[in-house]
>>> print(open('coords.cif').read())   # mmCIF, C-alpha atoms and all ligand atoms
data_query
loop_
_atom_site.label_atom_id
_atom_site.label_comp_id
_atom_site.auth_asym_id
_atom_site.auth_seq_id
_atom_site.Cartn_x
_atom_site.Cartn_y
_atom_site.Cartn_z
CA MET A 12 102.59 83.91 98.31
CA THR A 13 104.94 83.56 95.37
CA GLN A 14 108.48 82.26 95.07
CA ASN A 15 109.80 85.85 95.05
CA ASP A 16 107.86 86.60 98.26
CA GLN A 17 109.49 83.58 99.92
CA ILE A 18 112.93 84.75 98.79
CA SER A 19 112.30 88.28 100.11
CA LYS A 20 111.19 86.88 103.46
CA ILE A 21 114.25 84.63 103.71
CA LEU A 22 116.49 87.64 103.02
CA GLU A 23 114.66 89.69 105.67
CA LEU A 24 115.15 86.92 108.24
CA TRP A 25 118.83 86.56 107.35
CA GLN A 26 119.34 90.33 107.73
CA ALA A 27 117.53 90.32 111.09
CA LEU A 28 119.70 87.56 112.59
CA PRO A 29 122.85 89.59 113.49
CA GLU A 30 120.65 92.54 114.53
CA THR A 31 118.47 90.44 116.86
CA LYS A 32 121.18 88.02 118.10
CA PRO A 33 118.72 85.44 119.45
CA LEU A 34 119.69 83.12 122.30
CA VAL A 35 119.51 79.54 121.00
CA HIS A 36 119.74 76.55 123.36
CA VAL A 37 121.34 73.49 121.78
CA ILE A 38 121.80 70.04 123.26
CA ALA A 39 124.45 68.93 120.79
CA ASN A 40 126.74 65.92 120.45
CA GLN A 41 130.40 65.91 121.40
CA VAL A 42 131.54 65.43 117.80
CA SER A 43 130.00 68.58 116.36
CA ALA A 44 129.13 70.77 119.38
CA ALA A 45 131.97 73.27 118.92
CA PHE A 46 131.42 73.50 115.17
CA CYS A 47 127.68 74.08 115.71
CA ALA A 48 128.34 76.82 118.28
CA ASP A 49 130.82 78.48 115.89
CA ALA A 50 128.41 78.23 112.94
CA MET A 51 125.63 79.90 114.95
CA SER A 52 127.92 82.56 116.36
CA ALA A 53 129.41 83.29 112.90
CA SER A 54 125.86 83.80 111.61
CA GLY A 55 124.97 86.28 114.37
CA ALA A 56 123.13 84.18 116.98
CA ARG A 57 124.10 83.51 120.63
CA PRO A 58 124.40 79.75 121.22
CA VAL A 59 124.13 78.19 124.67
CA MET A 60 125.14 74.52 124.70
CA ALA A 61 123.81 73.45 128.14
CA VAL A 62 123.60 69.67 128.66
CA SER A 63 122.70 68.79 132.27
CA SER A 64 119.11 67.79 133.04
CA LEU A 65 119.53 69.87 136.23
CA GLU A 66 119.30 73.03 134.12
CA THR A 67 118.19 72.26 130.56
CA GLY A 68 114.47 72.94 131.16
CA GLU A 69 115.28 76.32 132.70
CA ILE A 70 117.76 77.27 129.96
CA THR A 71 115.24 76.39 127.24
CA GLU A 72 112.53 78.45 128.94
CA HIS A 73 114.61 81.60 128.48
CA ALA A 74 115.87 80.91 124.95
CA GLY A 75 114.37 81.98 121.63
CA SER A 76 114.46 78.39 120.37
CA PHE A 77 115.72 74.92 121.32
CA VAL A 78 117.68 72.49 119.13
CA ALA A 79 117.66 68.82 120.22
CA ASN A 80 120.44 67.00 118.39
CA LEU A 81 120.16 63.28 119.15
CA GLY A 82 123.73 62.29 118.14
CA GLN A 83 125.62 60.18 120.72
CA PRO A 84 122.51 59.38 122.76
CA SER A 85 122.66 58.13 126.35
CA PRO A 86 120.14 57.90 129.20
CA GLU A 87 121.58 61.12 130.71
CA LYS A 88 121.26 62.97 127.42
CA GLU A 89 117.74 61.62 126.93
CA ALA A 90 116.70 63.01 130.35
CA ALA A 91 118.20 66.42 129.51
CA VAL A 92 116.44 66.56 126.12
CA ARG A 93 113.11 65.51 127.68
CA GLU A 94 113.32 68.33 130.25
CA SER A 95 113.95 70.84 127.47
CA LEU A 96 111.20 69.54 125.17
CA LEU A 97 108.64 69.68 127.97
CA SER A 98 109.81 73.18 128.89
CA ALA A 99 109.59 74.24 125.22
CA ALA A 100 106.05 72.85 125.00
CA ARG A 101 104.97 74.67 128.22
CA ASN A 102 106.59 77.96 127.22
CA ARG A 103 105.80 77.90 123.49
CA ILE A 104 109.46 77.85 122.48
CA PRO A 105 110.04 76.49 118.94
CA VAL A 106 112.00 73.23 118.72
CA ILE A 107 114.26 71.74 116.06
CA LEU A 108 114.67 67.99 116.52
CA ASP A 109 117.60 66.41 114.64
CA PRO A 110 117.33 62.58 114.83
CA VAL A 111 121.04 61.97 114.09
CA GLY A 112 121.59 58.37 112.98
CA ALA A 113 117.95 57.43 113.68
CA GLY A 114 118.46 54.28 111.60
CA ALA A 115 121.80 53.32 113.13
CA SER A 116 120.40 51.33 116.07
CA VAL A 117 117.17 50.22 117.69
CA TYR A 118 117.89 52.52 120.66
CA ARG A 119 118.23 55.63 118.46
CA HIS A 120 115.07 54.84 116.56
CA GLN A 121 113.04 54.24 119.73
CA LEU A 122 114.46 57.39 121.32
CA ALA A 123 113.56 59.59 118.34
CA SER A 124 110.04 58.10 118.12
CA SER A 125 109.42 58.59 121.82
CA LEU A 126 110.60 62.24 121.76
CA LEU A 127 108.42 62.89 118.70
CA SER A 128 105.40 61.82 120.73
CA LEU A 129 105.89 64.72 123.20
CA PRO A 130 103.69 67.75 122.46
CA TRP A 131 106.28 70.29 121.23
CA LYS A 132 105.93 72.52 118.21
CA GLY A 133 108.62 72.88 115.57
CA ILE A 134 110.80 71.36 112.89
CA ILE A 135 112.07 67.82 112.36
CA LYS A 136 115.37 68.18 110.48
CA GLY A 137 117.20 65.10 109.26
CA ASN A 138 119.07 63.69 106.31
CA ALA A 139 117.01 61.60 103.89
CA SER A 140 118.01 58.30 105.58
CA GLU A 141 117.04 59.52 109.04
CA ILE A 142 113.64 60.72 107.83
CA HIS A 143 113.14 57.47 105.91
CA THR A 144 113.72 55.51 109.14
CA LEU A 145 111.26 57.70 111.07
CA CYS A 146 108.63 57.23 108.35
CA THR A 147 109.02 53.50 107.78
CA GLY A 148 110.64 52.11 110.95
CA GLN A 149 113.37 50.51 108.78
CA LEU A 150 116.88 50.68 110.21
CA THR A 151 119.93 51.22 107.98
CA HIS A 152 122.74 50.34 110.42
CA GLN A 153 125.01 52.70 108.46
CA GLY A 154 126.04 55.18 111.16
CA VAL A 155 125.03 58.81 110.83
CA ASP A 156 125.45 59.24 107.05
CA SER A 157 122.71 59.31 104.47
CA VAL A 158 122.43 56.24 102.24
CA GLY A 159 120.60 57.14 99.09
CA PHE A 160 116.95 58.05 99.60
CA ASP A 161 115.21 60.66 97.51
CA SER A 162 113.73 63.20 99.90
CA PRO A 163 111.22 64.96 97.62
CA GLU A 164 109.47 61.61 97.04
CA LEU A 165 108.66 61.37 100.74
CA SER A 166 105.18 62.45 101.79
CA PRO A 167 105.29 61.62 105.47
CA LEU A 168 103.05 64.33 106.89
CA ALA A 169 100.14 61.93 107.14
CA ASP A 170 101.98 60.29 110.05
CA PRO A 171 100.53 61.64 113.33
CA LEU A 172 104.07 61.97 114.75
CA PHE A 173 104.76 64.63 112.12
CA SER A 174 101.43 66.40 112.10
CA GLY A 175 101.50 70.14 112.73
CA ARG A 176 105.27 70.11 112.40
CA ILE A 177 107.63 71.14 109.62
CA LEU A 178 109.79 68.51 107.99
CA ALA A 179 113.22 69.57 106.67
CA VAL A 180 115.05 66.83 104.76
CA THR A 181 118.66 67.35 103.62
CA GLY A 182 120.70 65.78 100.83
CA LYS A 183 121.51 66.44 97.17
CA GLU A 184 118.31 68.46 97.30
CA ASP A 185 116.98 69.86 100.56
CA CYS A 186 113.22 69.71 100.92
CA ILE A 187 111.09 71.64 103.43
CA LEU A 188 107.49 70.49 103.83
CA ASP A 189 104.36 71.35 105.75
CA ASP A 190 100.78 70.23 105.11
CA ASP A 191 100.39 72.51 102.12
CA ARG A 192 103.75 74.01 101.18
CA ARG A 193 107.03 72.65 99.89
CA ILE A 194 110.37 74.34 99.18
CA ILE A 195 113.03 72.45 97.27
CA LEU A 196 116.63 73.68 97.32
CA SER A 197 118.59 72.13 94.42
CA HIS A 198 122.21 72.55 95.43
CA PRO A 199 124.09 73.57 92.27
CA ALA A 200 127.32 71.65 92.96
CA PRO A 201 128.33 68.52 94.84
CA LEU A 202 130.18 69.06 98.13
CA SER A 203 133.97 69.12 97.96
CA HIS A 204 134.22 67.25 101.29
CA ALA A 205 131.78 65.37 103.52
CA ILE A 206 132.59 67.56 106.53
CA VAL A 207 131.43 65.93 109.75
CA GLY A 208 128.86 68.03 111.56
CA THR A 209 127.43 69.93 108.58
CA GLY A 210 123.99 68.35 109.03
CA CYS A 211 124.08 69.25 112.73
CA ALA A 212 125.11 72.83 111.93
CA ALA A 213 122.36 73.14 109.29
CA GLY A 214 119.81 72.15 111.97
CA CYS A 215 121.24 74.72 114.36
CA LEU A 216 120.85 77.45 111.73
CA CYS A 217 117.18 76.47 111.36
CA GLY A 218 117.05 77.00 115.14
CA CYS A 219 118.54 80.50 114.84
CA PHE A 220 115.83 81.57 112.38
CA ALA A 221 113.05 79.80 114.31
CA ALA A 222 113.80 82.22 117.15
CA LEU A 223 112.90 85.12 114.84
CA THR A 224 109.57 84.12 113.29
CA GLU A 225 106.40 82.15 113.99
CA ASP A 226 106.54 80.83 110.41
CA LEU A 227 108.72 77.78 111.06
CA PHE A 228 108.44 76.64 107.43
CA LEU A 229 110.19 79.85 106.45
CA ALA A 230 112.70 79.49 109.31
CA ALA A 231 113.70 76.03 108.04
CA ALA A 232 114.00 77.33 104.46
CA ALA A 233 116.14 80.26 105.66
CA GLY A 234 118.43 78.01 107.72
CA LEU A 235 119.00 75.41 105.01
CA SER A 236 119.34 77.89 102.14
CA PHE A 237 121.77 80.12 104.03
CA PHE A 238 123.85 77.06 104.91
CA SER A 239 123.73 75.79 101.33
CA TYR A 240 124.98 79.17 100.06
CA ALA A 241 127.88 79.14 102.54
CA GLN A 242 128.88 75.62 101.40
CA PHE A 243 128.62 76.67 97.75
CA ARG A 244 131.08 79.52 98.38
CA VAL A 245 133.77 77.27 99.84
CA ASP A 246 136.48 76.71 97.24
CA VAL A 247 136.36 73.13 95.94
CA LEU A 248 140.17 73.03 95.75
CA GLU A 249 140.62 73.55 99.50
CA GLY A 250 141.48 70.55 101.67
CA TYR A 251 139.12 69.20 104.31
CA GLY A 252 140.47 71.27 107.22
CA SER A 253 140.58 74.63 105.50
CA SER A 254 137.15 73.98 103.89
CA LYS A 255 135.72 73.67 107.39
CA LEU A 256 137.26 76.99 108.45
CA HIS A 257 136.19 78.70 105.21
CA LEU A 258 132.65 77.50 105.80
CA LEU A 259 132.60 79.48 109.05
CA ASP A 260 134.04 82.50 107.22
CA ALA A 261 131.35 82.18 104.55
CA LEU A 262 128.63 82.15 107.25
CA SER A 263 130.03 85.30 108.81
CA ARG A 264 130.53 87.17 105.51
CA THR A 265 127.52 86.96 103.24
CA GLU A 266 126.31 89.83 101.10
CA ALA A 267 122.67 90.28 100.16
CA ASP A 268 122.93 90.48 96.36
CA GLY A 269 124.90 87.24 96.05
CA PHE A 270 122.56 85.41 98.44
CA LYS A 271 119.50 86.70 96.58
CA ARG A 272 120.85 85.56 93.18
CA TYR A 273 121.67 82.16 94.69
CA LEU A 274 118.14 81.79 96.08
CA GLN A 275 116.68 82.73 92.69
CA THR A 276 118.73 79.92 91.12
CA ILE A 277 118.18 77.08 93.58
CA LEU A 278 114.80 77.62 95.27
CA ILE A 279 111.53 76.13 94.01
CA TYR A 280 108.36 76.95 95.93
CA GLN A 281 105.20 74.84 95.66
CA SER A 282 101.85 75.36 97.32
CA GLY A 283 98.78 73.16 96.96
CA GLY A 284 100.86 70.89 94.67
CA LYS A 285 101.62 73.70 92.18
CA THR A 286 104.91 75.52 91.54
CA ILE A 287 104.34 79.22 92.16
N1 LIG B 1 124.91 65.96 97.42
C1 LIG B 1 124.97 67.21 97.94
N2 LIG B 1 125.29 68.26 97.13
C2 LIG B 1 125.37 69.51 97.63
N3 LIG B 1 125.13 69.82 98.91
C3 LIG B 1 124.79 68.82 99.76
C4 LIG B 1 124.69 67.46 99.32
N4 LIG B 1 124.35 66.70 100.38
C5 LIG B 1 124.25 67.53 101.44
N5 LIG B 1 124.52 68.80 101.07
C6 LIG B 1 124.56 69.98 101.97
O1 LIG B 1 124.92 69.56 103.27
C7 LIG B 1 123.86 69.86 104.20
C8 LIG B 1 123.75 68.74 105.19
O2 LIG B 1 123.16 67.66 104.55
P1 LIG B 1 123.45 66.12 104.81
O3 LIG B 1 124.83 65.79 104.32
O4 LIG B 1 122.29 65.40 104.21
O5 LIG B 1 123.39 66.04 106.40
P2 LIG B 1 124.03 64.97 107.40
O6 LIG B 1 125.41 65.50 107.70
O7 LIG B 1 123.11 65.03 108.56
O8 LIG B 1 124.02 63.64 106.70
C9 LIG B 1 122.62 70.06 103.32
O9 LIG B 1 121.69 70.90 103.94
C10 LIG B 1 123.23 70.68 102.07
O10 LIG B 1 123.49 72.07 102.25
C1 LIG B 2 129.97 61.30 113.38
C2 LIG B 2 128.99 61.41 114.49
N1 LIG B 2 128.78 60.36 115.33
C3 LIG B 2 127.88 60.62 116.25
S1 LIG B 2 127.26 62.18 116.15
C4 LIG B 2 128.22 62.52 114.80
C5 LIG B 2 128.18 63.81 114.10
C6 LIG B 2 127.17 63.76 112.99
O1 LIG B 2 127.23 64.92 112.28
P1 LIG B 2 126.50 65.15 110.84
O2 LIG B 2 125.41 64.13 110.71
O3 LIG B 2 126.00 66.51 110.95
O4 LIG B 2 127.60 65.00 109.80
#
>>> encode(input="coords.cif", output="structure tokens", more="lines below")
Ligand SMILES: Nc1ncnc2c1ncn2[C@@H]1O[C@H](COP(=O)(O)OP(=O)(O)O)[C@@H](O)[C@H]1O
Ligand SMILES: Cc1ncsc1CCOP(=O)(O)O
Amino acid sequence: MTQNDQISKILELWQALPETKPLVHVIANQVSAAFCADAMSASGARPVMAVSSLETGEITEHAGSFVANLGQPSPEKEAAVRESLLSAARNRIPVILDPVGAGASVYRHQLASSLLSLPWKGIIKGNASEIHTLCTGQLTHQGVDSVGFDSPELSPLADPLFSGRILAVTGKEDCILDDDRRIILSHPAPLSHAIVGTGCAAGCLCGCFAALTEDLFLAAAAGLSFFSYAQFRVDVLEGYGSSKLHLLDALSRTEADGFKRYLQTILIYQSGGKTI
């Protein structure tokens, strides 16, 4: 498959999202839950943000995909996520695991590692710091933000915790990896604001596309590239608050030609170590 084939498939998935309206179960965090639900709804999916372990396994079973966002962890949240991951594994529902702040504390790191050891299939989506912590065990103690790691230099798929899964690493460049393939998205401009919850929302968009295809590498590329395009279209002169609203508008109003040109500019596809 060539770079143009990947771009065509991403565009097909993006067009299918509002037509298919997949049900996506998200266990979110209280900071970004509403923004994530809005971002998914604006893009054409149907989010369900169920949190109680009394129902999460059942809700996941009937969803097209499940997003486990590990921000603001607690024993209650851990139990709810476990129920959903086991249900996803039993029912072959694709999972997106977002290890928010994996390097912020020992508890978060141990939680993420223990949930990775369950037998679900899917995508691990984190910023470069979070993935660095999962790969090396080194904590950063810097909250949930990324602190300067270069994602494309990571080659963590040898780790058994990652094997058979897709890795999606965000930052100045987003990088999507499986055993053989790699997509790099070079964002053309720096962000005007560090809007809280954008990493969480990007993971949720990967979840929307994972409900539409068995090719989870492509789903991750579609989610991150669509989100990158929406961020690119937000006017850099807007303030923080209106940028956040305009981001939702951009997700709900994308046209194919502009998105295609953007993908042709920012997307690099490599297979077997070669750019294709
Ligand atoms: N330096 C950057 N320049 C342009 N876009 C960026 C940059 N860093 C992050 N982004 C965008 O924000 C999204 C979320 O990435 P990131 O900020 O790494 O997540 P988090 O909020 O989890 O730390 C990325 O997928 C990308 O679209
Ligand atoms: C600030 C914060 N604290 C706990 S969860 C959370 C939201 C993190 O959102 P993102 O990593 O997507 O900016």
>>> closest_residue(input="coords.cif", among="A:Ser43, A:Ser63, A:Asn102, A:Thr13", to="A:Tyr280", atoms="only C-alpha atoms")
A:Thr13
>>> residues_near_ligand(input="coords.cif", ligand="ligand LIG 2 (chain B)", cutoff="8 Å", atoms="all atoms listed in the file", output="number ranges by chain")
A: 40-43, 81-83, 111-112, 138, 154-156, 205-213
>>> residues_near_point(input="coords.cif", point="(127.3, 76.5, 120.7)", cutoff="6 Å", atoms="only C-alpha atoms", output="number ranges by chain")
A: 45, 47-48, 58-60
>>> closest_residue(input="coords.cif", among="A:Ala100, A:Ala241, A:Leu108, A:Leu129", to="ligand LIG 1 (chain B)", atoms="all atoms listed in the file")
A:Ala241
>>> residues_around(input="coords.cif", residues="stretch 183-197 of chain A", least_positions_apart="3", cutoff="9 Å", atoms="all atoms listed in the file", output="MDAnalysis selection string")
chainID A and resid 136 138:139 161:163 166 168:169 174:180 200:201 228:229 231:232 235:236 239 274 276:284
>>> residues_near_point(input="coords.cif", point="(117.7, 94.1, 95.6)", cutoff="12 Å", atoms="all atoms listed in the file", output="NGL selection string")
:A and (15 or 18-19 or 22-23 or 266-272 or 275)
>>> residues_around(input="coords.cif", residues="A:Leu126", least_positions_apart="6", cutoff="10 Å", atoms="all atoms listed in the file", output="PDB file with C-alpha atoms, in the coordinates of the input")
ATOM      1  CA  ALA A  79     117.660  68.820 120.220  1.00  0.00           C
ATOM      2  CA  LEU A  81     120.160  63.280 119.150  1.00  0.00           C
ATOM      3  CA  GLU A  89     117.740  61.620 126.930  1.00  0.00           C
ATOM      4  CA  VAL A  92     116.440  66.560 126.120  1.00  0.00           C
ATOM      5  CA  ARG A  93     113.110  65.510 127.680  1.00  0.00           C
ATOM      6  CA  LEU A  96     111.200  69.540 125.170  1.00  0.00           C
ATOM      7  CA  LEU A  97     108.640  69.680 127.970  1.00  0.00           C
ATOM      8  CA  LEU A 108     114.670  67.990 116.520  1.00  0.00           C
ATOM      9  CA  PRO A 110     117.330  62.580 114.830  1.00  0.00           C
ATOM     10  CA  LEU A 172     104.070  61.970 114.750  1.00  0.00           C
TER      11      LEU A 172
END
>>> closest_residue(input="coords.cif", among="A:His143, A:Lys88, A:His204, A:His152", to="A:Asp246", atoms="all atoms listed in the file")
A:His204
>>> closest_residue(input="coords.cif", among="A:Gly114, A:Pro199, A:Gly182, A:Gly55", to="A:Gln149", atoms="only C-alpha atoms")
A:Gly114
>>> closest_residue(input="coords.cif", among="A:Val245, A:Gly137, A:Tyr251, A:Gly148", to="ligand LIG 1 (chain B)", atoms="all atoms listed in the file")
A:Gly137
>>> residues_around(input="coords.cif", residues="A:Leu223", least_positions_apart="3", cutoff="12 Å", atoms="all atoms listed in the file", output="ChimeraX atom specification")
/A:20-21,23-35,56,74-76,104-105,216-220,226-227,229-231,233-234
>>> closest_residue(input="coords.cif", among="A:Arg103, A:Leu256, A:Glu225, A:Asn80", to="ligand LIG 1 (chain B)", atoms="only C-alpha atoms and all ligand atoms")
A:Asn80
>>> atom_distance(input="coords.cif", atom1="atom CA of A:Tyr240", atom2="atom CA of A:Ala113")
26.6 Å
